[in-house]
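Trainee: What follows is the file run_0.pdb, containing PDB, C-alpha atoms and all ligand atoms:
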ATOM      1  CA  MET A   1       0.000   0.000   0.000  1.00  0.00           C
ATOM      2  CA  ALA A   2       2.772   2.413   0.935  1.00  0.00           C
ATOM      3  CA  PHE A   3       4.378   1.573  -2.390  1.00  0.00           C
ATOM      4  CA  LEU A   4       1.215   2.439  -4.315  1.00  0.00           C
ATOM      5  CA  LEU A   5       0.809   5.720  -2.449  1.00  0.00           C
ATOM      6  CA  SER A   6       4.350   6.799  -3.145  1.00  0.00           C
ATOM      7  CA  GLY A   7       3.753   6.167  -6.861  1.00  0.00           C
ATOM      8  CA  CYS A   8       0.667   8.354  -6.685  1.00  0.00           C
ATOM      9  CA  GLU A   9       2.625  11.086  -4.926  1.00  0.00           C
ATOM     10  CA  ARG A  10       5.217  11.033  -7.701  1.00  0.00           C
ATOM     11  CA  ALA A  11       2.564  11.365 -10.401  1.00  0.00           C
ATOM     12  CA  MET A  12       1.041  14.314  -8.550  1.00  0.00           C
ATOM     13  CA  HIS A  13       4.212  16.320  -9.060  1.00  0.00           C
ATOM     14  CA  ASP A  14       2.911  16.978 -12.558  1.00  0.00           C
ATOM     15  CA  MET A  15       0.318  19.100 -10.810  1.00  0.00           C
ATOM     16  CA  TYR A  16       2.842  20.984  -8.689  1.00  0.00           C
ATOM     17  CA  ASN A  17       5.091  21.809 -11.639  1.00  0.00           C
ATOM     18  CA  GLN A  18       2.625  22.392 -14.409  1.00  0.00           C
ATOM     19  CA  ALA A  19       3.327  23.116 -18.048  1.00  0.00           C
ATOM     20  CA  LYS A  20       2.833  26.841 -18.538  1.00  0.00           C
ATOM     21  CA  TYR A  21       3.827  29.757 -20.726  1.00  0.00           C
ATOM     22  CA  LYS A  22       6.364  32.158 -19.253  1.00  0.00           C
ATOM     23  CA  PRO A  23       6.190  35.890 -20.072  1.00  0.00           C
ATOM     24  CA  GLY A  24       7.250  36.549 -23.647  1.00  0.00           C
ATOM     25  CA  SER A  25       7.186  32.923 -24.808  1.00  0.00           C
ATOM     26  CA  PRO A  26       5.885  32.005 -28.282  1.00  0.00           C
ATOM     27  CA  SER A  27       2.798  29.890 -28.839  1.00  0.00           C
ATOM     28  CA  PRO A  28       1.467  28.217 -31.984  1.00  0.00           C
ATOM     29  CA  LEU A  29      -2.059  28.552 -30.563  1.00  0.00           C
ATOM     30  CA  PHE A  30      -2.599  32.143 -31.630  1.00  0.00           C
ATOM     31  CA  ALA A  31      -2.365  33.848 -35.012  1.00  0.00           C
ATOM     32  CA  ASP A  32       0.264  36.324 -33.816  1.00  0.00           C
ATOM     33  CA  GLY A  33       2.442  33.470 -32.506  1.00  0.00           C
ATOM     34  CA  ARG A  34       2.622  34.925 -28.963  1.00  0.00           C
ATOM     35  CA  ALA A  35       1.405  33.257 -25.767  1.00  0.00           C
ATOM     36  CA  ALA A  36       0.585  36.592 -24.127  1.00  0.00           C
ATOM     37  CA  ARG A  37      -2.870  37.996 -24.883  1.00  0.00           C
ATOM     38  CA  ARG A  38      -3.761  41.651 -24.806  1.00  0.00           C
ATOM     39  CA  PRO A  39      -5.747  42.390 -21.609  1.00  0.00           C
ATOM     40  CA  PRO A  40      -9.399  43.188 -22.305  1.00  0.00           C
ATOM     41  CA  GLU A  41     -10.293  46.866 -22.736  1.00  0.00           C
ATOM     42  CA  GLY A  42     -10.572  48.615 -19.352  1.00  0.00           C
ATOM     43  CA  SER A  43      -8.428  46.089 -17.383  1.00  0.00           C
ATOM     44  CA  ILE A  44      -6.640  47.568 -14.370  1.00  0.00           C
ATOM     45  CA  PRO A  45      -3.013  46.451 -13.982  1.00  0.00           C
ATOM     46  CA  ILE A  46      -2.300  45.014 -10.517  1.00  0.00           C
ATOM     47  CA  ALA A  47       1.378  45.942 -10.602  1.00  0.00           C
ATOM     48  CA  GLN A  48       0.816  49.668 -11.076  1.00  0.00           C
ATOM     49  CA  GLY A  49      -0.895  52.413  -9.166  1.00  0.00           C
ATOM     50  CA  GLU A  50      -2.822  51.934  -5.946  1.00  0.00           C
ATOM     51  CA  LEU A  51      -3.322  48.193  -6.286  1.00  0.00           C
ATOM     52  CA  ALA A  52       0.384  47.520  -6.680  1.00  0.00           C
ATOM     53  CA  GLY A  53       1.207  47.673  -2.946  1.00  0.00           C
ATOM     54  CA  PRO A  54      -1.061  44.862  -1.834  1.00  0.00           C
ATOM     55  CA  SER A  55      -0.494  42.759  -4.947  1.00  0.00           C
ATOM     56  CA  SER A  56       3.238  43.001  -5.462  1.00  0.00           C
ATOM     57  CA  GLY A  57       4.584  45.335  -2.785  1.00  0.00           C
ATOM     58  CA  ARG A  58       6.205  47.484  -5.416  1.00  0.00           C
ATOM     59  CA  LEU A  59       3.843  50.456  -5.423  1.00  0.00           C
ATOM     60  CA  GLY A  60       4.236  50.720  -9.164  1.00  0.00           C
ATOM     61  CA  HIS A  61       8.000  51.068  -9.105  1.00  0.00           C
ATOM     62  CA  ILE A  62      10.968  49.456  -7.396  1.00  0.00           C
ATOM     63  CA  GLU A  63      11.832  51.466  -4.323  1.00  0.00           C
ATOM     64  CA  PRO A  64      15.270  51.334  -2.796  1.00  0.00           C
ATOM     65  CA  ALA A  65      14.849  49.656   0.596  1.00  0.00           C
ATOM     66  CA  PRO A  66      15.173  52.096   3.489  1.00  0.00           C
ATOM     67  CA  ALA A  67      18.461  51.481   5.243  1.00  0.00           C
ATOM     68  CA  THR A  68      19.211  53.576   8.275  1.00  0.00           C
ATOM     69  CA  SER A  69      21.298  51.203  10.323  1.00  0.00           C
ATOM     70  CA  SER A  70      24.435  49.357   9.384  1.00  0.00           C
ATOM     71  CA  ASN A  71      22.698  46.004   9.026  1.00  0.00           C
ATOM     72  CA  GLY A  72      20.007  47.458   6.757  1.00  0.00           C
ATOM     73  CA  ASN A  73      17.084  47.081   9.169  1.00  0.00           C
ATOM     74  CA  PRO A  74      15.534  50.537   9.613  1.00  0.00           C
ATOM     75  CA  TYR A  75      14.084  49.612  13.032  1.00  0.00           C
ATOM     76  CA  PRO A  76      16.030  49.364  16.293  1.00  0.00           C
ATOM     77  CA  ILE A  77      16.618  45.679  17.096  1.00  0.00           C
ATOM     78  CA  THR A  78      14.980  45.266  20.518  1.00  0.00           C
ATOM     79  CA  LEU A  79      13.832  42.061  22.190  1.00  0.00           C
ATOM     80  CA  ALA A  80      10.189  43.096  21.655  1.00  0.00           C
ATOM     81  CA  PHE A  81      10.851  43.696  17.938  1.00  0.00           C
ATOM     82  CA  VAL A  82      12.451  40.276  17.471  1.00  0.00           C
ATOM     83  CA  GLN A  83       9.611  38.648  19.437  1.00  0.00           C
ATOM     84  CA  ARG A  84       7.092  40.364  17.170  1.00  0.00           C
ATOM     85  CA  GLY A  85       9.068  38.935  14.240  1.00  0.00           C
ATOM     86  CA  GLN A  86       8.924  35.455  15.764  1.00  0.00           C
ATOM     87  CA  ASN A  87       5.174  35.766  16.266  1.00  0.00           C
ATOM     88  CA  ARG A  88       4.596  36.850  12.612  1.00  0.00           C
ATOM     89  CA  TYR A  89       7.109  34.276  11.316  1.00  0.00           C
ATOM     90  CA  GLU A  90       5.296  31.445  13.056  1.00  0.00           C
ATOM     91  CA  ILE A  91       1.983  32.608  11.583  1.00  0.00           C
ATOM     92  CA  TYR A  92       3.035  33.392   8.009  1.00  0.00           C
ATOM     93  CA  CYS A  93       6.254  31.531   7.248  1.00  0.00           C
ATOM     94  CA  ALA A  94       6.782  28.466   9.440  1.00  0.00           C
ATOM     95  CA  ALA A  95       4.190  26.393   7.570  1.00  0.00           C
ATOM     96  CA  CYS A  96       6.698  26.212   4.689  1.00  0.00           C
ATOM     97  CA  HIS A  97      10.047  27.292   6.115  1.00  0.00           C
ATOM     98  CA  GLY A  98       9.705  25.286   9.349  1.00  0.00           C
ATOM     99  CA  LEU A  99      10.067  26.608  12.919  1.00  0.00           C
ATOM    100  CA  THR A 100      13.876  26.550  12.719  1.00  0.00           C
ATOM    101  CA  GLY A 101      14.031  27.838   9.126  1.00  0.00           C
ATOM    102  CA  ALA A 102      15.323  24.535   7.748  1.00  0.00           C
ATOM    103  CA  GLY A 103      12.728  24.605   4.945  1.00  0.00           C
ATOM    104  CA  ASN A 104      10.836  21.540   6.156  1.00  0.00           C
ATOM    105  CA  GLY A 105       7.461  22.977   7.187  1.00  0.00           C
ATOM    106  CA  MET A 106       4.247  20.977   7.025  1.00  0.00           C
ATOM    107  CA  ILE A 107       3.226  22.326   3.605  1.00  0.00           C
ATOM    108  CA  VAL A 108       6.577  21.178   2.227  1.00  0.00           C
ATOM    109  CA  GLN A 109       6.139  17.763   3.849  1.00  0.00           C
ATOM    110  CA  ARG A 110       2.847  17.597   1.946  1.00  0.00           C
ATOM    111  CA  GLY A 111       4.527  18.286  -1.395  1.00  0.00           C
ATOM    112  CA  PHE A 112       5.038  22.053  -1.847  1.00  0.00           C
ATOM    113  CA  PRO A 113       8.494  22.851  -3.327  1.00  0.00           C
ATOM    114  CA  LYS A 114      11.102  22.999  -0.544  1.00  0.00           C
ATOM    115  CA  PRO A 115      12.509  26.459   0.193  1.00  0.00           C
ATOM    116  CA  PRO A 116      16.233  26.792   0.879  1.00  0.00           C
ATOM    117  CA  SER A 117      17.337  26.611   4.520  1.00  0.00           C
ATOM    118  CA  TYR A 118      18.114  30.012   6.052  1.00  0.00           C
ATOM    119  CA  LEU A 119      21.543  28.511   6.765  1.00  0.00           C
ATOM    120  CA  ASP A 120      22.151  28.255   3.030  1.00  0.00           C
ATOM    121  CA  PRO A 121      25.292  30.417   2.461  1.00  0.00           C
ATOM    122  CA  GLN A 122      23.398  32.564  -0.040  1.00  0.00           C
ATOM    123  CA  LEU A 123      20.806  33.477   2.592  1.00  0.00           C
ATOM    124  CA  LEU A 124      23.384  33.859   5.379  1.00  0.00           C
ATOM    125  CA  HIS A 125      25.091  36.456   3.190  1.00  0.00           C
ATOM    126  CA  ALA A 126      21.964  38.119   1.767  1.00  0.00           C
ATOM    127  CA  SER A 127      21.464  41.646   3.105  1.00  0.00           C
ATOM    128  CA  ASP A 128      18.494  42.465   5.326  1.00  0.00           C
ATOM    129  CA  ALA A 129      17.117  44.553   2.461  1.00  0.00           C
ATOM    130  CA  GLU A 130      17.242  41.565   0.086  1.00  0.00           C
ATOM    131  CA  LEU A 131      15.355  39.408   2.594  1.00  0.00           C
ATOM    132  CA  GLU A 132      12.722  42.102   3.113  1.00  0.00           C
ATOM    133  CA  ARG A 133      12.336  42.454  -0.656  1.00  0.00           C
ATOM    134  CA  SER A 134      11.797  38.699  -1.104  1.00  0.00           C
ATOM    135  CA  ILE A 135       9.112  38.734   1.613  1.00  0.00           C
ATOM    136  CA  SER A 136       7.421  41.803   0.188  1.00  0.00           C
ATOM    137  CA  ASP A 137       7.527  40.917  -3.528  1.00  0.00           C
ATOM    138  CA  GLY A 138       7.632  37.138  -3.309  1.00  0.00           C
ATOM    139  CA  TYR A 139      10.379  34.982  -4.746  1.00  0.00           C
ATOM    140  CA  GLY A 140       9.987  32.221  -7.317  1.00  0.00           C
ATOM    141  CA  VAL A 141       7.067  30.037  -6.270  1.00  0.00           C
ATOM    142  CA  MET A 142       6.688  31.949  -2.972  1.00  0.00           C
ATOM    143  CA  TYR A 143       3.900  34.482  -3.240  1.00  0.00           C
ATOM    144  CA  PRO A 144       4.293  38.146  -2.191  1.00  0.00           C
ATOM    145  CA  PHE A 145       3.462  39.042   1.414  1.00  0.00           C
ATOM    146  CA  ALA A 146       3.192  42.811   1.067  1.00  0.00           C
ATOM    147  CA  GLY A 147      -0.596  42.610   1.189  1.00  0.00           C
ATOM    148  CA  ARG A 148      -0.673  40.449   4.335  1.00  0.00           C
ATOM    149  CA  VAL A 149       2.347  41.515   6.393  1.00  0.00           C
ATOM    150  CA  ASN A 150       2.922  45.254   6.840  1.00  0.00           C
ATOM    151  CA  GLU A 151       6.295  46.949   6.426  1.00  0.00           C
ATOM    152  CA  HIS A 152       7.137  47.090  10.158  1.00  0.00           C
ATOM    153  CA  ASP A 153       6.338  43.412  10.578  1.00  0.00           C
ATOM    154  CA  ARG A 154       8.332  42.394   7.496  1.00  0.00           C
ATOM    155  CA  TRP A 155      11.425  43.986   9.037  1.00  0.00           C
ATOM    156  CA  ALA A 156      10.603  42.344  12.389  1.00  0.00           C
ATOM    157  CA  ILE A 157      10.525  38.991  10.567  1.00  0.00           C
ATOM    158  CA  VAL A 158      13.888  39.789   8.947  1.00  0.00           C
ATOM    159  CA  ALA A 159      15.301  40.448  12.445  1.00  0.00           C
ATOM    160  CA  TYR A 160      13.910  37.106  13.586  1.00  0.00           C
ATOM    161  CA  ILE A 161      15.412  35.286  10.568  1.00  0.00           C
ATOM    162  CA  ARG A 162      18.764  36.766  11.632  1.00  0.00           C
ATOM    163  CA  ALA A 163      18.145  35.402  15.150  1.00  0.00           C
ATOM    164  CA  LEU A 164      17.345  31.956  13.713  1.00  0.00           C
ATOM    165  CA  GLN A 165      20.550  32.053  11.658  1.00  0.00           C
ATOM    166  CA  LEU A 166      22.613  33.124  14.665  1.00  0.00           C
ATOM    167  CA  SER A 167      21.071  30.483  16.888  1.00  0.00           C
ATOM    168  CA  GLN A 168      22.348  27.716  14.619  1.00  0.00           C
ATOM    169  CA  ASN A 169      25.527  29.197  13.269  1.00  0.00           C
ATOM    170  CA  THR A 170      27.511  30.936  16.017  1.00  0.00           C
ATOM    171  CA  PRO A 171      31.095  29.854  16.655  1.00  0.00           C
ATOM    172  CA  ALA A 172      31.497  28.796  20.303  1.00  0.00           C
ATOM    173  CA  ASP A 173      34.292  31.324  20.859  1.00  0.00           C
ATOM    174  CA  GLN A 174      31.809  34.154  20.333  1.00  0.00           C
ATOM    175  CA  LEU A 175      29.618  32.996  23.211  1.00  0.00           C
ATOM    176  CA  SER A 176      29.892  34.305  26.762  1.00  0.00           C
ATOM    177  CA  PRO A 177      30.848  31.846  29.533  1.00  0.00           C
ATOM    178  CA  GLN A 178      27.207  32.074  30.741  1.00  0.00           C
ATOM    179  CA  ASP A 179      25.908  31.114  27.272  1.00  0.00           C
ATOM    180  CA  LEU A 180      28.312  28.194  27.085  1.00  0.00           C
ATOM    181  CA  HIS A 181      27.264  27.056  30.523  1.00  0.00           C
ATOM    182  CA  ALA A 182      23.579  27.294  29.563  1.00  0.00           C
ATOM    183  CA  LEU A 183      24.293  25.148  26.518  1.00  0.00           C
ATOM    184  CA  GLY A 184      26.036  22.556  28.651  1.00  0.00           C
ATOM    185  CA  ALA A 185      29.268  23.091  26.688  1.00  0.00           C
ATOM    186  CA  GLY A 186      31.995  20.588  27.288  1.00  0.00           C
ATOM    187  CA  GLY A 187      29.636  17.792  26.320  1.00  0.00           C
ATOM    188  CA  ALA A 188      29.671  15.736  23.155  1.00  0.00           C
ATOM    189  CA  ASN A 189      28.278  18.557  20.998  1.00  0.00           C
ATOM    190  CA  SER A 190      30.807  21.255  21.834  1.00  0.00           C
ATOM    191  CA  PRO A 191      33.031  22.161  18.883  1.00  0.00           C
TER     192      PRO A 191
HETATM  193  C1  LIG A 201       3.748  28.461   0.754  1.00  0.00           C
HETATM  194  C2  LIG A 201       5.094  28.209   1.224  1.00  0.00           C
HETATM  195  C3  LIG A 201       5.902  29.424   1.694  1.00  0.00           C
HETATM  196  C4  LIG A 201       5.543  30.375   2.614  1.00  0.00           C
HETATM  197  C5  LIG A 201       4.239  30.482   3.408  1.00  0.00           C
HETATM  198  C6  LIG A 201       6.679  31.252   2.734  1.00  0.00           C
HETATM  199  N1  LIG A 201       7.679  30.848   1.898  1.00  0.00           N
HETATM  200 FE1  LIG A 201       9.483  31.748   1.655  1.00  0.00          FE
HETATM  201  N2  LIG A 201       9.940  30.455   0.167  1.00  0.00           N
HETATM  202  C7  LIG A 201       9.172  29.384  -0.211  1.00  0.00           C
HETATM  203  C8  LIG A 201       9.823  28.703  -1.316  1.00  0.00           C
HETATM  204  C9  LIG A 201       9.330  27.437  -2.000  1.00  0.00           C
HETATM  205  C10 LIG A 201      10.999  29.428  -1.606  1.00  0.00           C
HETATM  206  C11 LIG A 201      11.986  29.152  -2.731  1.00  0.00           C
HETATM  207  C12 LIG A 201      11.373  29.785  -3.951  1.00  0.00           C
HETATM  208  C13 LIG A 201      12.085  29.474  -5.249  1.00  0.00           C
HETATM  209  O1  LIG A 201      13.315  29.320  -5.247  1.00  0.00           O
HETATM  210  O2  LIG A 201      11.354  29.413  -6.263  1.00  0.00           O
HETATM  211  C14 LIG A 201      11.049  30.515  -0.638  1.00  0.00           C
HETATM  212  C15 LIG A 201      12.079  31.430  -0.571  1.00  0.00           C
HETATM  213  C16 LIG A 201      12.238  32.338   0.479  1.00  0.00           C
HETATM  214  C17 LIG A 201      13.397  33.151   0.699  1.00  0.00           C
HETATM  215  C18 LIG A 201      14.655  33.160  -0.152  1.00  0.00           C
HETATM  216  C19 LIG A 201      14.541  34.234  -1.181  1.00  0.00           C
HETATM  217  C20 LIG A 201      15.878  34.589  -1.780  1.00  0.00           C
HETATM  218  O3  LIG A 201      16.117  35.805  -1.894  1.00  0.00           O
HETATM  219  O4  LIG A 201      16.665  33.684  -2.109  1.00  0.00           O
HETATM  220  C21 LIG A 201      13.173  33.878   1.821  1.00  0.00           C
HETATM  221  C22 LIG A 201      14.117  34.892   2.471  1.00  0.00           C
HETATM  222  C23 LIG A 201      11.873  33.534   2.302  1.00  0.00           C
HETATM  223  N3  LIG A 201      11.321  32.589   1.457  1.00  0.00           N
HETATM  224  C24 LIG A 201      11.287  34.052   3.423  1.00  0.00           C
HETATM  225  C25 LIG A 201       9.959  33.826   3.779  1.00  0.00           C
HETATM  226  C26 LIG A 201       9.294  34.512   4.861  1.00  0.00           C
HETATM  227  C27 LIG A 201       9.948  35.497   5.792  1.00  0.00           C
HETATM  228  C28 LIG A 201       8.014  34.061   4.881  1.00  0.00           C
HETATM  229  C29 LIG A 201       6.872  34.518   5.768  1.00  0.00           C
HETATM  230  C30 LIG A 201       6.526  35.920   5.705  1.00  0.00           C
HETATM  231  C31 LIG A 201       7.879  33.066   3.836  1.00  0.00           C
HETATM  232  N4  LIG A 201       9.079  32.966   3.189  1.00  0.00           N
HETATM  233  C32 LIG A 201       6.732  32.344   3.576  1.00  0.00           C
HETATM  234  C33 LIG A 201       7.974  28.989   0.331  1.00  0.00           C
HETATM  235  C34 LIG A 201       7.238  29.731   1.251  1.00  0.00           C
END
What would you get if you wrote out this structure as structure tokens?

Mentor:
Amino acid sequence: MAFLLSGCERAMHDMYNQAKYKPGSPSPLFADGRAARRPPEGSIPIAQGELAGPSSGRLGHIEPAPATSSNGNPYPITLAFVQRGQNRYEIYCAACHGLTGAGNGMIVQRGFPKPPSYLDPQLLHASDAELERSISDGYGVMYPFAGRVNEHDRWAIVAYIRALQLSQNTPADQLSPQDLHALGAGGANSP
């Protein structure tokens, strides 16, 4: 039975990664040879004007991310700010990215494409502004969050992603003796 189900799961991937036309691709279906169709008269673009914020986060143009502190986060990094980020992260992100950011959330376990771990070197080295932009505008198969998570909370989430990265990637010599003690350093897991 397990064998049959795993075969079914494999076939279903055709539904996750469906055949589709990408912007600008040709198509033999239409007389002009283009896949893209002209929007009907009177259509309102969602990536321009007032609707752009909630739909794409871009407000009709690409804004340079505000950067007023050295790490790029325009808000002071306080405990309350990071806790707000944790709270929003667990609501909006953990279902896919997992509670530790490993990319193994429940939706992924049920077949959604797996996001990279936040410990992926590319994401360790991404600037805060790049992370905020990916949350706001979406990235690849991940939809944009600008319409669901406001600007303050997006930066709070970025601060929390930094905390998640630090929590799993800090060399022991950067920890205080109290931290090491709390971790039970000296045991089998100490570096
Ligand atoms: C429905 C599942 C899902 C949810 C919910 C989700 N993500 Fe993602 N995320 C993904 C996937 C999948 C990718 C990889 C996309 C790709 O490469 O096409 C990704 C990529 C990313 C990246 C990497 C982008 C880059 O610049 O390389 C970041 C950062 C990220 N997500 C943060 C978040 C945050 C923060 C939230 C919550 C506000 C969130 N995601 C919610 C699935 C999700």

Trainee: Show me which residues are within 8 Å of ligand LIG 201 (chain A) counting all atoms listed in the file, and format the list as number ranges by chain.

Mentor: A: 88-89, 91-97, 103, 107-108, 112-116, 118, 122-123, 126, 130-135, 138-143, 145, 149, 154, 157-158, 161

Trainee: What separation in Å, quoted to one decimal, exists between CA of Ala19 in chain A and CA of Ala36 in chain A?

Mentor: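 Going from CA of Ala19 in chain A over to CA of Ala36 in chain A covers 15.0 Å.
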
Trainee: Pick out the residues sitting within 12 Å of Gln83 in chain A, and hand them over as a VMD selection string; count all atoms listed in the file, and ignore anything fewer than 2 positions along from it in its own chain.

Mentor: chain A and resid 77 to 81 85 to 90 153 155 to 161 163 to 164

Trainee: Find the distance between CA of Asp128 in chain A and CA of Gly72 in chain A and write it in Å to one decimal.

Mentor: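 Result for CA of Asp128 in chain A versus CA of Gly72 in chain A: 5.4 Å, one decimal.
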
Trainee: Quote the spacing between CA of Pro74 in chain A and CA of His152 in chain A in Å to one decimal place.

Mentor: 9.1 Å

Trainee: Write out as a count of residues only each polymer residue whose atoms come within 12 Å of Pro23 in chain A, counting all atoms listed in the file; drop sequence neighbours fewer than 4 positions from it.

Mentor: 5

Trainee: Ranking A:Gln168, A:Ser25, A:His181, A:Ser136 by minimum distance to Ala102 in chain A and counting all atoms listed in the file, which one comes first?

Mentor: A:Gln168
